[in-house]
file final_12.pdb (PDB, C-alpha atoms and all ligand atoms)
ATOM      1  CA  MET H   1     -27.207   7.135 -14.276
ATOM      2  CA  ASN H   2     -24.661   7.733 -17.010
ATOM      3  CA  ARG H   3     -22.393  10.220 -15.259
ATOM      4  CA  PHE H   4     -19.206   8.882 -16.875
ATOM      5  CA  GLU H   5     -20.315   8.573 -20.508
ATOM      6  CA  GLY H   6     -17.288   9.419 -22.677
ATOM      7  CA  LYS H   7     -14.933   9.461 -19.683
ATOM      8  CA  ILE H   8     -11.787   7.458 -19.096
ATOM      9  CA  ALA H   9     -11.103   6.282 -15.545
ATOM     10  CA  LEU H  10      -8.014   4.743 -14.006
ATOM     11  CA  VAL H  11      -8.634   2.637 -10.886
ATOM     12  CA  THR H  12      -5.853   1.161  -8.730
ATOM     13  CA  GLY H  13      -6.488  -1.837  -6.505
ATOM     14  CA  ALA H  14      -8.922  -2.959  -9.188
ATOM     15  CA  ALA H  15      -8.327  -6.698  -8.711
ATOM     16  CA  SER H  16     -10.292  -6.888  -5.464
ATOM     17  CA  GLY H  17     -12.689  -5.313  -2.990
ATOM     18  CA  ILE H  18     -13.415  -1.591  -3.238
ATOM     19  CA  GLY H  19     -11.158  -1.059  -6.281
ATOM     20  CA  ARG H  20     -12.906  -3.791  -8.255
ATOM     21  CA  ALA H  21     -16.322  -2.477  -7.209
ATOM     22  CA  THR H  22     -15.253   1.039  -8.249
ATOM     23  CA  ALA H  23     -14.085  -0.093 -11.688
ATOM     24  CA  LEU H  24     -17.427  -1.844 -12.230
ATOM     25  CA  ARG H  25     -19.507   1.060 -10.882
ATOM     26  CA  LEU H  26     -17.738   3.596 -13.125
ATOM     27  CA  ALA H  27     -18.189   1.247 -16.100
ATOM     28  CA  GLN H  28     -21.890   0.770 -15.273
ATOM     29  CA  GLU H  29     -22.171   4.545 -15.490
ATOM     30  CA  GLY H  30     -20.484   4.730 -18.876
ATOM     31  CA  ALA H  31     -16.726   4.975 -18.254
ATOM     32  CA  ASP H  32     -14.017   3.084 -20.068
ATOM     33  CA  VAL H  33     -11.697   1.823 -17.350
ATOM     34  CA  ALA H  34      -7.963   1.214 -16.982
ATOM     35  CA  CYS H  35      -7.766  -1.394 -14.225
ATOM     36  CA  VAL H  36      -4.506  -1.382 -12.247
ATOM     37  CA  ASP H  37      -3.267  -3.782  -9.582
ATOM     38  CA  VAL H  38      -0.155  -5.628  -8.451
ATOM     39  CA  SER H  39      -2.206  -8.832  -8.815
ATOM     40  CA  ASP H  40      -2.742 -10.313 -12.263
ATOM     41  CA  LYS H  41      -6.362 -10.989 -11.216
ATOM     42  CA  VAL H  42      -6.882  -7.428 -12.454
ATOM     43  CA  ALA H  43      -7.428  -8.992 -15.889
ATOM     44  CA  ASP H  44     -10.643 -10.561 -14.526
ATOM     45  CA  THR H  45     -11.964  -7.126 -13.546
ATOM     46  CA  ALA H  46     -11.093  -5.733 -16.975
ATOM     47  CA  ALA H  47     -13.011  -8.642 -18.526
ATOM     48  CA  GLU H  48     -16.016  -7.839 -16.298
ATOM     49  CA  VAL H  49     -15.860  -4.196 -17.420
ATOM     50  CA  GLU H  50     -15.918  -5.358 -21.038
ATOM     51  CA  LYS H  51     -18.950  -7.527 -20.290
ATOM     52  CA  LEU H  52     -20.688  -4.299 -19.253
ATOM     53  CA  GLY H  53     -20.091  -3.024 -22.783
ATOM     54  CA  ARG H  54     -17.243  -0.660 -21.938
ATOM     55  CA  ALA H  55     -13.614  -0.667 -23.079
ATOM     56  CA  ALA H  56     -11.074  -1.802 -20.494
ATOM     57  CA  SER H  57      -7.370  -2.390 -20.073
ATOM     58  CA  ALA H  58      -5.556  -4.369 -17.385
ATOM     59  CA  HIS H  59      -2.219  -3.193 -15.983
ATOM     60  CA  VAL H  60      -0.206  -5.275 -13.540
ATOM     61  CA  CYS H  61       1.693  -2.577 -11.671
ATOM     62  CA  ASP H  62       3.114  -2.077  -8.192
ATOM     63  CA  ILE H  63       2.047   1.473  -7.351
ATOM     64  CA  SER H  64       5.082   1.904  -5.105
ATOM     65  CA  ASP H  65       7.435   1.432  -8.060
ATOM     66  CA  GLU H  66       8.213   4.843  -9.560
ATOM     67  CA  ALA H  67       9.267   3.640 -13.009
ATOM     68  CA  GLY H  68       6.431   1.101 -13.112
ATOM     69  CA  VAL H  69       3.824   3.783 -12.370
ATOM     70  CA  ALA H  70       5.222   6.102 -15.061
ATOM     71  CA  ALA H  71       5.140   3.267 -17.607
ATOM     72  CA  MET H  72       1.616   2.239 -16.553
ATOM     73  CA  VAL H  73       0.202   5.767 -16.917
ATOM     74  CA  ALA H  74       1.945   6.137 -20.300
ATOM     75  CA  ALA H  75       0.332   2.851 -21.394
ATOM     76  CA  VAL H  76      -3.105   4.052 -20.253
ATOM     77  CA  ILE H  77      -2.727   7.294 -22.238
ATOM     78  CA  ALA H  78      -1.435   5.378 -25.279
ATOM     79  CA  ARG H  79      -4.511   3.126 -25.099
ATOM     80  CA  PHE H  80      -7.246   5.681 -24.367
ATOM     81  CA  GLY H  81      -5.720   9.039 -25.396
ATOM     82  CA  LYS H  82      -6.815  10.914 -22.251
ATOM     83  CA  LEU H  83      -7.761  10.538 -18.601
ATOM     84  CA  ASP H  84     -10.725  12.044 -16.719
ATOM     85  CA  VAL H  85     -10.782  10.217 -13.379
ATOM     86  CA  ALA H  86      -8.078   8.652 -11.219
ATOM     87  CA  ALA H  87      -9.320   6.568  -8.285
ATOM     88  CA  ASN H  88      -6.471   5.512  -6.017
ATOM     89  CA  VAL H  89      -7.845   2.559  -4.099
ATOM     90  CA  ALA H  90      -4.905   0.132  -3.781
ATOM     91  CA  GLY H  91      -3.686  -0.359  -0.240
ATOM     92  CA  VAL H  92      -2.456  -2.798   2.380
ATOM     93  CA  LEU H  93      -3.216  -3.228   6.079
ATOM     94  CA  ARG H  94      -1.508  -4.929   8.995
ATOM     95  CA  ALA H  95      -1.771  -4.479  12.736
ATOM     96  CA  ASP H  96       1.031  -4.526  15.312
ATOM     97  CA  HIS H  97       1.651  -3.224  18.786
ATOM     98  CA  THR H  98       3.380   0.079  18.025
ATOM     99  CA  HIS H  99       6.366  -0.716  20.263
ATOM    100  CA  GLN H 100       6.880  -3.935  18.284
ATOM    101  CA  LEU H 101       6.280  -2.518  14.811
ATOM    102  CA  ALA H 102       9.217  -3.587  12.642
ATOM    103  CA  MET H 103      10.783  -1.098  10.235
ATOM    104  CA  GLU H 104      10.129  -3.433   7.316
ATOM    105  CA  HIS H 105       6.366  -3.350   8.003
ATOM    106  CA  TRP H 106       6.326   0.424   8.675
ATOM    107  CA  ASP H 107       8.253   1.020   5.428
ATOM    108  CA  ARG H 108       6.094  -1.325   3.333
ATOM    109  CA  ILE H 109       2.782   0.182   4.476
ATOM    110  CA  LEU H 110       3.984   3.772   4.013
ATOM    111  CA  ARG H 111       5.583   2.897   0.673
ATOM    112  CA  ILE H 112       2.472   1.299  -0.821
ATOM    113  CA  ASN H 113      -0.338   3.335   0.747
ATOM    114  CA  LEU H 114       1.166   6.813   0.854
ATOM    115  CA  THR H 115       4.088   6.866  -1.588
ATOM    116  CA  GLY H 116       2.150   4.718  -4.058
ATOM    117  CA  THR H 117      -0.819   7.100  -3.961
ATOM    118  CA  PHE H 118       1.562  10.035  -4.436
ATOM    119  CA  LEU H 119       3.330   8.388  -7.388
ATOM    120  CA  VAL H 120       0.061   7.747  -9.198
ATOM    121  CA  CYS H 121      -1.196  11.282  -8.446
ATOM    122  CA  ARG H 122       2.060  12.796  -9.713
ATOM    123  CA  ALA H 123       1.900  10.809 -12.930
ATOM    124  CA  VAL H 124      -1.782  11.488 -13.683
ATOM    125  CA  ILE H 125      -2.009  15.200 -12.774
ATOM    126  CA  PRO H 126      -0.699  16.487 -16.144
ATOM    127  CA  HIS H 127      -3.316  14.379 -17.934
ATOM    128  CA  LEU H 128      -6.120  15.397 -15.566
ATOM    129  CA  LEU H 129      -5.236  19.061 -16.041
ATOM    130  CA  ALA H 130      -5.820  18.565 -19.766
ATOM    131  CA  THR H 131      -9.382  17.278 -19.157
ATOM    132  CA  LYS H 132     -10.202  19.218 -15.950
ATOM    133  CA  GLY H 133     -10.508  15.810 -14.361
ATOM    134  CA  CYS H 134     -10.402  14.631 -10.804
ATOM    135  CA  ILE H 135      -8.687  12.422  -8.258
ATOM    136  CA  VAL H 136     -10.384  10.354  -5.578
ATOM    137  CA  ASN H 137      -7.963   8.917  -3.027
ATOM    138  CA  THR H 138      -8.762   6.230  -0.485
ATOM    139  CA  SER H 139      -7.974   7.101   3.091
ATOM    140  CA  SER H 140      -9.635   5.383   6.063
ATOM    141  CA  THR H 141     -11.376   6.030   9.340
ATOM    142  CA  ALA H 142      -8.003   4.946  10.743
ATOM    143  CA  ALA H 143      -6.723   8.402   9.754
ATOM    144  CA  LEU H 144      -9.363  10.028  11.935
ATOM    145  CA  GLY H 145      -9.145   8.072  15.201
ATOM    146  CA  SER H 146     -10.048   5.013  17.285
ATOM    147  CA  HIS H 147      -7.737   2.548  15.530
ATOM    148  CA  PRO H 148      -5.192   1.024  17.942
ATOM    149  CA  TRP H 149      -2.316  -1.131  16.565
ATOM    150  CA  MET H 150      -2.419   0.580  13.210
ATOM    151  CA  ALA H 151       0.352   3.155  13.617
ATOM    152  CA  ALA H 152       1.772   2.663  10.131
ATOM    153  CA  TYR H 153      -1.589   2.221   8.435
ATOM    154  CA  ALA H 154      -3.162   5.217  10.206
ATOM    155  CA  ALA H 155      -0.125   7.387   9.458
ATOM    156  CA  SER H 156      -0.229   6.384   5.795
ATOM    157  CA  LYS H 157      -3.940   7.164   5.563
ATOM    158  CA  GLY H 158      -3.545  10.487   7.400
ATOM    159  CA  GLY H 159      -0.810  11.326   4.916
ATOM    160  CA  ILE H 160      -3.224  10.600   2.066
ATOM    161  CA  ILE H 161      -5.711  13.157   3.435
ATOM    162  CA  ALA H 162      -2.955  15.780   3.717
ATOM    163  CA  LEU H 163      -1.637  14.966   0.235
ATOM    164  CA  THR H 164      -5.144  15.230  -1.202
ATOM    165  CA  LYS H 165      -5.839  18.632   0.371
ATOM    166  CA  THR H 166      -2.517  19.945  -0.969
ATOM    167  CA  ILE H 167      -3.322  18.802  -4.496
ATOM    168  CA  ALA H 168      -6.867  20.189  -4.243
ATOM    169  CA  VAL H 169      -5.740  23.727  -3.418
ATOM    170  CA  GLU H 170      -2.711  23.693  -5.690
ATOM    171  CA  TYR H 171      -4.712  22.888  -8.827
ATOM    172  CA  VAL H 172      -8.185  24.231  -8.000
ATOM    173  CA  LYS H 173      -7.944  27.190 -10.376
ATOM    174  CA  GLN H 174      -6.984  24.854 -13.203
ATOM    175  CA  GLY H 175     -10.197  22.876 -12.780
ATOM    176  CA  LEU H 176      -8.767  19.761 -11.176
ATOM    177  CA  ARG H 177     -10.557  18.386  -8.079
ATOM    178  CA  ALA H 178      -9.147  16.004  -5.457
ATOM    179  CA  ASN H 179     -11.017  14.342  -2.599
ATOM    180  CA  CYS H 180     -10.766  11.350  -0.281
ATOM    181  CA  VAL H 181     -13.130   8.649   0.793
ATOM    182  CA  CYS H 182     -12.616   7.315   4.328
ATOM    183  CA  PRO H 183     -14.246   3.883   4.489
ATOM    184  CA  GLY H 184     -14.601   1.779   7.617
ATOM    185  CA  GLY H 185     -15.981  -1.697   8.129
ATOM    186  CA  VAL H 186     -16.329  -2.715   4.494
ATOM    187  CA  ALA H 187     -16.402  -6.479   3.939
ATOM    188  CA  THR H 188     -13.454  -7.177   1.606
ATOM    189  CA  PRO H 189     -10.478  -9.574   1.618
ATOM    190  CA  LEU H 190      -8.369  -6.842   3.304
ATOM    191  CA  HIS H 191     -10.880  -6.556   6.108
ATOM    192  CA  GLY H 192     -11.489 -10.311   6.365
ATOM    193  CA  GLN H 193      -7.764 -11.033   6.689
ATOM    194  CA  PHE H 194      -7.270  -8.447   9.440
ATOM    195  CA  ARG H 195      -5.923  -9.945  12.673
ATOM    196  CA  MET H 196      -5.392  -8.101  15.924
ATOM    197  CA  PRO H 197      -1.903  -8.590  17.326
ATOM    198  CA  LYS H 198      -1.376 -11.096  20.152
ATOM    199  CA  GLY H 199      -2.349  -9.795  23.554
ATOM    200  CA  SER H 200      -4.482  -6.927  22.231
ATOM    201  CA  ASP H 201      -7.648  -5.810  24.006
ATOM    202  CA  PRO H 202     -10.664  -5.992  21.610
ATOM    203  CA  GLU H 203     -12.455  -3.415  23.797
ATOM    204  CA  LEU H 204     -10.090  -0.741  22.453
ATOM    205  CA  LEU H 205     -11.245  -1.350  18.892
ATOM    206  CA  ARG H 206     -14.908  -0.879  19.749
ATOM    207  CA  GLY H 207     -14.867   2.813  18.756
ATOM    208  CA  ALA H 208     -13.847   1.863  15.205
ATOM    209  CA  MET H 209     -16.803  -0.474  14.653
ATOM    210  CA  PRO H 210     -19.733   0.475  12.396
ATOM    211  CA  LEU H 211     -22.995   0.989  14.302
ATOM    212  CA  VAL H 212     -24.820  -1.063  11.645
ATOM    213  CA  PRO H 213     -23.861  -4.373   9.955
ATOM    214  CA  TYR H 214     -20.825  -4.313   7.644
ATOM    215  CA  VAL H 215     -21.568  -3.512   4.020
ATOM    216  CA  GLY H 216     -20.040  -4.677   0.755
ATOM    217  CA  PRO H 217     -17.465  -2.754  -1.295
ATOM    218  CA  GLU H 218     -20.093  -1.359  -3.662
ATOM    219  CA  HIS H 219     -21.072   1.123  -0.928
ATOM    220  CA  ALA H 220     -17.579   2.643  -0.812
ATOM    221  CA  ALA H 221     -17.514   2.521  -4.623
ATOM    222  CA  SER H 222     -20.712   4.575  -4.808
ATOM    223  CA  VAL H 223     -19.104   7.329  -2.704
ATOM    224  CA  ILE H 224     -16.037   7.278  -4.964
ATOM    225  CA  ALA H 225     -18.303   7.500  -8.020
ATOM    226  CA  PHE H 226     -20.146  10.463  -6.490
ATOM    227  CA  LEU H 227     -16.891  12.314  -5.715
ATOM    228  CA  ALA H 228     -15.590  11.560  -9.215
ATOM    229  CA  SER H 229     -18.767  12.790 -10.895
ATOM    230  CA  ASP H 230     -20.035  16.232 -11.820
ATOM    231  CA  ASP H 231     -22.527  15.868  -8.950
ATOM    232  CA  ALA H 232     -19.517  16.758  -6.775
ATOM    233  CA  LYS H 233     -18.360  19.610  -9.042
ATOM    234  CA  TYR H 234     -18.172  22.049  -6.095
ATOM    235  CA  ILE H 235     -16.446  19.583  -3.764
ATOM    236  CA  THR H 236     -12.668  19.518  -3.523
ATOM    237  CA  GLY H 237     -10.084  19.034  -0.798
ATOM    238  CA  THR H 238     -12.307  17.134   1.580
ATOM    239  CA  GLU H 239     -12.847  13.653   2.944
ATOM    240  CA  VAL H 240     -16.117  11.747   3.118
ATOM    241  CA  ARG H 241     -16.528   9.119   5.823
ATOM    242  CA  ALA H 242     -18.408   5.968   4.799
ATOM    243  CA  ASP H 243     -18.231   4.011   8.042
ATOM    244  CA  GLY H 244     -21.733   3.127   9.194
ATOM    245  CA  GLY H 245     -21.549   5.793  11.873
ATOM    246  CA  ALA H 246     -18.447   4.312  13.522
ATOM    247  CA  LEU H 247     -16.811   7.652  14.280
ATOM    248  CA  SER H 248     -20.051   9.537  14.729
TER
HETATM  249  N1  LIG Q   1     -12.246  -2.709   3.746
HETATM  250  C1  LIG Q   1     -12.294  -1.731   4.621
HETATM  251  O1  LIG Q   1     -13.011  -1.800   5.624
HETATM  252  C2  LIG Q   1     -11.468  -0.501   4.413
HETATM  253  C3  LIG Q   1     -11.563   0.508   5.375
HETATM  254  C4  LIG Q   1     -10.822   1.672   5.201
HETATM  255  C5  LIG Q   1     -10.015   1.820   4.089
HETATM  256  N2  LIG Q   1      -9.928   0.819   3.189
HETATM  257  C6  LIG Q   1      -9.039   1.040   2.064
HETATM  258  O2  LIG Q   1      -9.679   0.705   0.867
HETATM  259  C7  LIG Q   1      -8.704   0.330  -0.097
HETATM  260  C8  LIG Q   1      -9.136  -0.973  -0.749
HETATM  261  O3  LIG Q   1      -9.144  -1.966   0.246
HETATM  262  P1  LIG Q   1     -10.068  -3.268   0.160
HETATM  263  O4  LIG Q   1     -10.713  -3.392   1.472
HETATM  264  O5  LIG Q   1     -10.848  -3.251  -1.079
HETATM  265  O6  LIG Q   1      -8.907  -4.380   0.119
HETATM  266  P2  LIG Q   1      -8.543  -5.540  -0.910
HETATM  267  O7  LIG Q   1      -7.406  -6.263  -0.274
HETATM  268  O8  LIG Q   1      -9.764  -6.286  -1.291
HETATM  269  O9  LIG Q   1      -8.012  -4.735  -2.192
HETATM  270  C9  LIG Q   1      -6.782  -4.064  -2.185
HETATM  271  C10 LIG Q   1      -6.162  -4.213  -3.560
HETATM  272  O10 LIG Q   1      -4.950  -3.437  -3.587
HETATM  273  C11 LIG Q   1      -3.990  -4.189  -4.307
HETATM  274  N3  LIG Q   1      -2.635  -3.769  -3.965
HETATM  275  C12 LIG Q   1      -1.966  -3.982  -2.804
HETATM  276  N4  LIG Q   1      -0.710  -3.508  -2.895
HETATM  277  C13 LIG Q   1      -0.590  -2.995  -4.144
HETATM  278  C14 LIG Q   1       0.485  -2.377  -4.832
HETATM  279  N5  LIG Q   1       1.685  -2.209  -4.262
HETATM  280  N6  LIG Q   1       0.282  -1.945  -6.099
HETATM  281  C15 LIG Q   1      -0.926  -2.129  -6.708
HETATM  282  N7  LIG Q   1      -1.964  -2.719  -6.100
HETATM  283  C16 LIG Q   1      -1.795  -3.149  -4.833
HETATM  284  C17 LIG Q   1      -4.262  -5.630  -3.885
HETATM  285  O11 LIG Q   1      -3.667  -6.567  -4.782
HETATM  286  C18 LIG Q   1      -5.775  -5.668  -3.871
HETATM  287  O12 LIG Q   1      -6.294  -6.065  -5.117
HETATM  288  C19 LIG Q   1      -7.373   0.259   0.647
HETATM  289  O13 LIG Q   1      -6.645   1.434   0.395
HETATM  290  C20 LIG Q   1      -7.781   0.170   2.089
HETATM  291  O14 LIG Q   1      -6.809   0.706   2.950
HETATM  292  C21 LIG Q   1     -10.625  -0.340   3.318
END
call {"tool": "encode", "arguments": {"input": "final_12.pdb", "output": "structure tokens"}}
result
Amino acid sequence: MNRFEGKIALVTGAASGIGRATALRLAQEGADVACVDVSDKVADTAAEVEKLGRAASAHVCDISDEAGVAAMVAAVIARFGKLDVAANVAGVLRADHTHQLAMEHWDRILRINLTGTFLVCRAVIPHLLATKGCIVNTSSTAALGSHPWMAAYAASKGGIIALTKTIAVEYVKQGLRANCVCPGGVATPLHGQFRMPKGSDPELLRGAMPLVPYVGPEHAASVIAFLASDDAKYITGTEVRADGGALS
């Protein structure tokens, strides 16, 4: 498939996991890709995109930094001249008992996952309106239920769904689409590093578990690519669960 031939995509969280897999999937389908991450390993992903024969740029940027996001998007436009797809994948996870959740952790998770996604959306919308492009945001099954000890994470991901629906309706008549993917149980560093808080009951997390073995990040990336493509031309303002049946 060459669904992104001639398109420019911006992918956050591109240094690792689902973001990296998304950058590579979009490039495999013809996109030139601006790879964005707070980690300088994002340069490795950009190099992999180039190996696929596509143009790439690497941007070390903290998506929760307002000025940094504005400068990053300006640099992407200066490099490529336009933007067709913005995939907001960057995010962080940590688990705590809600009654012990420190403000610093609540603030950090909301600031990166929700405010960061908003800041990138705000900065890219004018450019996506020019191309009738689209946004794919990354929520989580945590936004939909069955995730104990993830008050901040679940709230941030629920906020992303609400933000996405608002954008979808607000700009629908101008040709801009916005959707969410809600992954669950994808084998990535974020998932591998997840630890339940001390004294937690693993039984309570059972409802969040995929009903089939965990999959790799390329499976979430393929859903993002679908939502970003013209195959999803009539789809806006919705969320697609990719969770191996966990919440089914
Ligand atoms: N893995 C799963 O099972 C799963 C399930 C549901 C949702 N998600 C979501 O998918 C997204 C990607 O997660 P992943 O599993 O690939 O994790 P990952 O840790 O492999 O990748 C996350 C990337 O985000 C980057 N990042 C973190 N904070 C950032 C910031 N402030 N600015 C810019 N980049 C930042 C990290 O450096 C990292 O490269 C996240 O939003 C996560 O919440 C993952």
call {"tool": "residues_near_ligand", "arguments": {"input": "final_12.pdb", "ligand": "ligand LIG 1 (chain Q)", "cutoff": "7 Å", "atoms": "only C-alpha atoms and all ligand atoms", "output": "PyMOL selection string"}}
result
chain H and resi 12-19+36-39+61-64+89-93+112-113+116+138-141+182-191+217
call {"tool": "resolve_selection", "arguments": {"input": "final_12.pdb", "expression": "the PyMOL selection byres (((chain H and resi 242) around 8) and not hetatm)", "output": "count of residues only"}}
result
12
call {"tool": "atom_distance", "arguments": {"input": "final_12.pdb", "atom1": "CA of His147 (chain H)", "atom2": "CA of Leu205 (chain H)"}}
result
6.2 Å
call {"tool": "resolve_selection", "arguments": {"input": "final_12.pdb", "expression": "the PyMOL selection byres (((chain H and resi 71-81) around 9) and not hetatm)", "output": "list in words"}}
result
Ile8, Leu10, Asp32, Ala34, Val36, Ser57, His59, Val60, Cys61, Glu66, Ala67, Gly68, Val69, Ala70, Lys82, Leu83, Val120, Ala123, Val124 and His127 of chain H
call {"tool": "atom_distance", "arguments": {"input": "final_12.pdb", "atom1": "CA of Asp44 (chain H)", "atom2": "CA of Ala86 (chain H)"}}
result
19.7 Å
call {"tool": "resolve_selection", "arguments": {"input": "final_12.pdb", "expression": "the PyMOL selection byres (((chain H and resi 234) around 12) and not hetatm)", "output": "JSON, numbers by chain"}}
result
{"H": [134, 168, 172, 175, 176, 177, 178, 179, 226, 227, 228, 229, 230, 231, 232, 233, 235, 236, 237, 238]}
call {"tool": "closest_residue", "arguments": {"input": "final_12.pdb", "among": "H:Pro148, H:Gly6, H:Gly133, H:Pro126", "to": "Val33 (chain H)", "atoms": "all atoms listed in the file"}}
result
H:Gly6
call {"tool": "atom_distance", "arguments": {"input": "final_12.pdb", "atom1": "CA of Met209 (chain H)", "atom2": "CA of Arg94 (chain H)"}}
result
16.9 Å
call {"tool": "closest_residue", "arguments": {"input": "final_12.pdb", "among": "H:Lys41, H:Arg3, H:Ala246, H:Ala143", "to": "Pro213 (chain H)", "atoms": "all atoms listed in the file"}}
result
H:Ala246
call {"tool": "residues_around", "arguments": {"input": "final_12.pdb", "residues": "Ala58 (chain H)", "least_positions_apart": "6", "cutoff": "8 Å", "atoms": "only C-alpha atoms", "output": "ChimeraX atom specification"}}
result
/H:34-36,42-43,45-46
call {"tool": "axis_aligned_box", "arguments": {"input": "final_12.pdb", "around": "region 70-86 of chain H", "padding_each_side": "4 Å", "output": "JSON"}}
result
{"center_x": -2.8, "center_y": 7.1, "center_z": -18.3, "size_x": 24.0, "size_y": 17.8, "size_z": 22.2}
call {"tool": "closest_residue", "arguments": {"input": "final_12.pdb", "among": "H:Gln100, H:Asn88, H:Ser248, H:Thr22", "to": "Ala152 (chain H)", "atoms": "all atoms listed in the file"}}
result
H:Gln100
call {"tool": "build_atoms", "arguments": {"input": "final_12.pdb", "residues": "region 190-202 of chain H", "atoms": "N, CA and C atoms", "output": "PDB file, keeping the file's coordinate frame"}}
result
ATOM      1  N   LEU H 190      -9.257  -7.576   2.390  1.00  0.00           N
ATOM      2  CA  LEU H 190      -8.369  -6.842   3.304  1.00  0.00           C
ATOM      3  C   LEU H 190      -8.940  -6.847   4.714  1.00  0.00           C
ATOM      4  N   HIS H 191     -10.228  -6.608   4.800  1.00  0.00           N
ATOM      5  CA  HIS H 191     -10.880  -6.556   6.108  1.00  0.00           C
ATOM      6  C   HIS H 191     -10.976  -7.952   6.712  1.00  0.00           C
ATOM      7  N   GLY H 192     -11.327  -8.945   5.873  1.00  0.00           N
ATOM      8  CA  GLY H 192     -11.489 -10.311   6.365  1.00  0.00           C
ATOM      9  C   GLY H 192     -10.184 -10.899   6.889  1.00  0.00           C
ATOM     10  N   GLN H 193      -9.056 -10.467   6.286  1.00  0.00           N
ATOM     11  CA  GLN H 193      -7.764 -11.033   6.689  1.00  0.00           C
ATOM     12  C   GLN H 193      -7.153 -10.300   7.880  1.00  0.00           C
ATOM     13  N   PHE H 194      -7.819  -9.234   8.334  1.00  0.00           N
ATOM     14  CA  PHE H 194      -7.270  -8.447   9.440  1.00  0.00           C
ATOM     15  C   PHE H 194      -7.215  -9.270  10.726  1.00  0.00           C
ATOM     16  N   ARG H 195      -6.076  -9.274  11.376  1.00  0.00           N
ATOM     17  CA  ARG H 195      -5.923  -9.945  12.673  1.00  0.00           C
ATOM     18  C   ARG H 195      -5.346  -8.968  13.675  1.00  0.00           C
ATOM     19  N   MET H 196      -5.962  -8.933  14.867  1.00  0.00           N
ATOM     20  CA  MET H 196      -5.392  -8.101  15.924  1.00  0.00           C
ATOM     21  C   MET H 196      -4.111  -8.764  16.418  1.00  0.00           C
ATOM     22  N   PRO H 197      -3.140  -7.965  16.837  1.00  0.00           N
ATOM     23  CA  PRO H 197      -1.903  -8.590  17.326  1.00  0.00           C
ATOM     24  C   PRO H 197      -2.135  -9.336  18.640  1.00  0.00           C
ATOM     25  N   LYS H 198      -1.283 -10.294  18.919  1.00  0.00           N
ATOM     26  CA  LYS H 198      -1.376 -11.096  20.152  1.00  0.00           C
ATOM     27  C   LYS H 198      -1.424 -10.203  21.374  1.00  0.00           C
ATOM     28  N   GLY H 199      -2.308 -10.530  22.291  1.00  0.00           N
ATOM     29  CA  GLY H 199      -2.349  -9.795  23.554  1.00  0.00           C
ATOM     30  C   GLY H 199      -3.094  -8.481  23.474  1.00  0.00           C
ATOM     31  N   SER H 200      -3.781  -8.212  22.345  1.00  0.00           N
ATOM     32  CA  SER H 200      -4.482  -6.927  22.231  1.00  0.00           C
ATOM     33  C   SER H 200      -5.862  -7.026  22.882  1.00  0.00           C
ATOM     34  N   ASP H 201      -6.373  -5.879  23.287  1.00  0.00           N
ATOM     35  CA  ASP H 201      -7.648  -5.810  24.006  1.00  0.00           C
ATOM     36  C   ASP H 201      -8.744  -5.387  23.016  1.00  0.00           C
ATOM     37  N   PRO H 202      -9.650  -6.307  22.626  1.00  0.00           N
ATOM     38  CA  PRO H 202     -10.664  -5.992  21.610  1.00  0.00           C
ATOM     39  C   PRO H 202     -11.540  -4.798  21.982  1.00  0.00           C
TER      40      PRO H 202
END
